[in-house]
file target.tsv (TSV, C-alpha atoms and all ligand atoms)
chain	number	residue	atom	x	y	z
A	1	MET	CA	-16.92	6.42	133.89
A	2	THR	CA	-18.56	5.13	130.78
A	3	THR	CA	-19.38	7.55	127.96
A	4	ALA	CA	-23.09	6.80	128.31
A	5	TYR	CA	-23.02	7.77	131.98
A	6	SER	CA	-21.05	10.96	131.43
A	7	GLU	CA	-23.50	11.94	128.68
A	8	ILE	CA	-26.42	11.51	131.10
A	9	ILE	CA	-24.62	13.60	133.72
A	10	ASP	CA	-23.74	16.33	131.19
A	11	ARG	CA	-27.29	16.50	129.89
A	12	ILE	CA	-28.98	16.70	133.29
A	13	ALA	CA	-26.40	19.17	134.59
A	14	LYS	CA	-27.02	21.35	131.56
A	15	ASP	CA	-30.82	21.11	131.97
A	16	HIS	CA	-30.46	22.35	135.56
A	17	ASN	CA	-27.64	24.86	135.05
A	18	ILE	CA	-25.32	22.85	137.24
A	19	LYS	CA	-21.58	22.78	136.85
A	20	VAL	CA	-20.09	19.35	137.51
A	21	ILE	CA	-16.55	19.33	138.80
A	22	GLN	CA	-14.36	16.28	139.20
A	23	ALA	CA	-13.15	16.03	142.80
A	24	ALA	CA	-10.13	14.07	143.90
A	25	CYS	CA	-11.96	12.43	146.83
A	26	VAL	CA	-12.75	8.73	146.89
A	27	ASN	CA	-16.39	7.76	147.44
A	28	GLN	CA	-17.36	11.32	148.27
A	29	SER	CA	-19.34	13.99	146.46
A	30	TRP	CA	-21.07	17.16	147.49
A	31	ALA	CA	-23.37	19.86	146.19
A	32	CYS	CA	-22.70	23.53	146.71
A	33	ASN	CA	-24.92	26.22	145.17
A	34	ASP	CA	-24.91	25.53	141.44
A	35	GLU	CA	-21.94	23.16	141.56
A	36	ILE	CA	-21.70	19.44	142.10
A	37	TRP	CA	-18.31	18.04	143.03
A	38	LEU	CA	-18.16	14.39	142.07
A	39	GLY	CA	-15.56	12.13	143.61
A	40	ILE	CA	-13.99	8.94	142.36
A	41	TYR	CA	-15.97	5.70	142.60
A	42	GLU	CA	-14.86	2.16	141.96
A	43	GLU	CA	-18.19	1.40	140.26
A	44	PRO	CA	-19.30	3.69	137.39
A	45	GLU	CA	-22.90	3.11	138.45
A	46	PHE	CA	-22.18	4.34	141.99
A	47	HIS	CA	-20.68	7.45	140.43
A	48	LEU	CA	-23.88	8.04	138.47
A	49	LEU	CA	-26.08	7.35	141.50
A	50	SER	CA	-24.02	9.79	143.57
A	51	PHE	CA	-24.60	12.42	140.92
A	52	PHE	CA	-28.36	11.91	141.24
A	53	HIS	CA	-28.11	12.09	145.02
A	54	GLU	CA	-26.25	15.40	144.82
A	55	MET	CA	-28.84	16.63	142.31
A	56	GLY	CA	-31.40	15.68	144.96
A	57	HIS	CA	-29.67	18.07	147.39
A	58	HIS	CA	-29.74	20.72	144.70
A	59	LEU	CA	-33.45	20.17	143.96
A	60	ASP	CA	-34.41	20.12	147.63
A	61	LYS	CA	-35.96	23.50	148.24
A	62	SER	CA	-37.14	22.64	151.75
A	63	ALA	CA	-36.30	25.30	154.26
A	64	TRP	CA	-34.63	22.76	156.56
A	65	HIS	CA	-32.90	25.44	158.59
A	66	LEU	CA	-36.32	26.76	159.66
A	67	ASP	CA	-37.32	23.41	161.09
A	68	ASP	CA	-35.54	22.53	164.32
A	69	LYS	CA	-36.75	18.96	164.09
A	70	ALA	CA	-35.01	18.25	160.78
A	71	THR	CA	-31.87	16.17	161.18
A	72	LYS	CA	-28.94	15.53	158.86
A	73	TYR	CA	-30.53	12.14	158.27
A	74	ASP	CA	-33.81	13.76	157.13
A	75	ILE	CA	-31.91	15.99	154.70
A	76	GLU	CA	-29.95	13.05	153.28
A	77	LYS	CA	-33.07	10.91	152.96
A	78	ALA	CA	-34.87	13.69	151.08
A	79	ALA	CA	-31.92	14.07	148.69
A	80	TRP	CA	-31.92	10.34	147.92
A	81	TYR	CA	-35.65	10.45	147.29
A	82	LEU	CA	-35.48	13.51	145.01
A	83	GLY	CA	-32.50	12.00	143.21
A	84	TYR	CA	-34.45	8.83	142.42
A	85	ILE	CA	-37.41	10.86	141.18
A	86	LEU	CA	-35.08	12.78	138.87
A	87	ALA	CA	-33.51	9.53	137.62
A	88	HIS	CA	-37.00	8.22	136.91
A	89	LYS	CA	-37.81	11.37	134.90
A	90	TYR	CA	-34.78	10.72	132.72
A	91	ALA	CA	-35.59	7.00	132.48
A	92	VAL	CA	-32.40	6.07	134.31
A	93	LYS	CA	-32.60	2.78	136.18
A	94	PHE	CA	-30.21	1.42	138.76
A	95	SER	CA	-29.24	-2.14	139.59
A	96	ASN	CA	-30.18	-3.64	142.95
A	97	GLU	CA	-26.52	-3.52	143.88
A	98	ALA	CA	-26.38	0.24	143.30
A	99	ILE	CA	-29.63	0.81	145.22
A	100	GLU	CA	-28.29	-1.22	148.14
A	101	TRP	CA	-25.08	0.78	148.03
A	102	GLY	CA	-27.15	3.99	148.19
A	103	GLN	CA	-29.09	2.68	151.18
A	104	LYS	CA	-25.80	1.89	152.88
A	105	GLN	CA	-24.67	5.50	152.31
A	106	LEU	CA	-27.87	6.79	153.92
A	107	ARG	CA	-27.44	4.44	156.89
A	108	THR	CA	-24.13	6.11	157.73
A	109	TYR	CA	-26.26	9.11	158.76
A	110	GLU	CA	-28.49	7.12	161.12
A	111	LYS	CA	-26.54	8.41	164.10
A	112	TYR	CA	-27.85	11.88	163.21
A	113	LYS	CA	-31.49	10.77	163.24
B	201	ZN	ZN	-26.05	13.83	150.63

call {"tool": "encode", "arguments": {"input": "target.tsv", "output": "C-alpha cells"}}
result
Amino acid sequence: MTTAYSEIIDRIAKDHNIKVIQAACVNQSWACNDEIWLGIYEEPEFHLLSFFHEMGHHLDKSAWHLDDKATKYDIEKAAWYLGYILAHKYAVKFSNEAIEWGQKQLRTYEKYK
C-alpha cells in the first residue's frame, strides 16, 4: 500500500465513520456494519478499488432482503456502481487494468444471476 492510497482510505473511512481493519486474507475483503475488512492484494490499486467496492456495500441502503428477485449478483453490481460513484466524488481515478480486474471480480458472481 502506498501512503497516498492509505491516506485516501483513512480520509473516506473517517468521513463515513467506518473502521478499516487489515484482514489476513488474500484478494478478499468484506463489509460488516460499520467495519470494512481489507485483505491483501498484490496490486496497491486493487486494494484501493476493493476498499471502494466495500464502501459501495456500506452505502447501499437498498432493502435487498425485501425483494425476492434480487440476486447476489445484483447486490455485488450495485456495490461496484456505488463504489465508483464514491471514487468519483473524491476525484479518485482507476487505471483500465484495475477496472478490468473489478469487472472480473463481479463476473465471479454471474452464477448467482
Ligand atoms: Zn462485494

call {"tool": "closest_atom_pairs", "arguments": {"input": "target.tsv", "of": "chain A", "to": "ligand ZN 201 (chain B)", "cutoff": "7 Å", "atoms": "only C-alpha atoms and all ligand atoms", "output": "CSV"}}
result
residue,atom,partner,partner_atom,distance
A:Trp30,CA,B:ZN201,ZN,6.8
A:His53,CA,B:ZN201,ZN,6.2
A:Glu54,CA,B:ZN201,ZN,6.0
A:His57,CA,B:ZN201,ZN,6.4
A:Glu76,CA,B:ZN201,ZN,4.8
A:Ala79,CA,B:ZN201,ZN,6.2

call {"tool": "atom_distance", "arguments": {"input": "target.tsv", "atom1": "atom CA of Tyr112 of chain A", "atom2": "atom CA of Lys19 of chain A"}}
result
29.2 Å

call {"tool": "residues_around", "arguments": {"input": "target.tsv", "residues": "Ser6 of chain A", "least_positions_apart": "4", "cutoff": "10 Å", "atoms": "only C-alpha atoms", "output": "list of chain:residue names"}}
result
A:Met1, A:Thr2, A:Asp10, A:Arg11, A:Ile12, A:Pro44, A:His47, A:Leu48

call {"tool": "closest_residue", "arguments": {"input": "target.tsv", "among": "A:Asn27, A:Asp15, A:Lys113, A:Gln22", "to": "Thr71 of chain A", "atoms": "only C-alpha atoms"}}
result
A:Lys113

call {"tool": "atom_distance", "arguments": {"input": "target.tsv", "atom1": "atom CA of Lys89 of chain A", "atom2": "atom CA of Ile8 of chain A"}}
result
12.0 Å

call {"tool": "closest_residue", "arguments": {"input": "target.tsv", "among": "A:Leu49, A:Ala31, A:Leu106, A:Ile75", "to": "Val92 of chain A", "atoms": "only C-alpha atoms"}}
result
A:Leu49

call {"tool": "closest_residue", "arguments": {"input": "target.tsv", "among": "A:His58, A:Leu38, A:Phe46, A:Lys77", "to": "Ile18 of chain A", "atoms": "only C-alpha atoms"}}
result
A:His58

call {"tool": "atom_distance", "arguments": {"input": "target.tsv", "atom1": "atom CA of Ala87 of chain A", "atom2": "atom CA of Gly56 of chain A"}}
result
9.8 Å
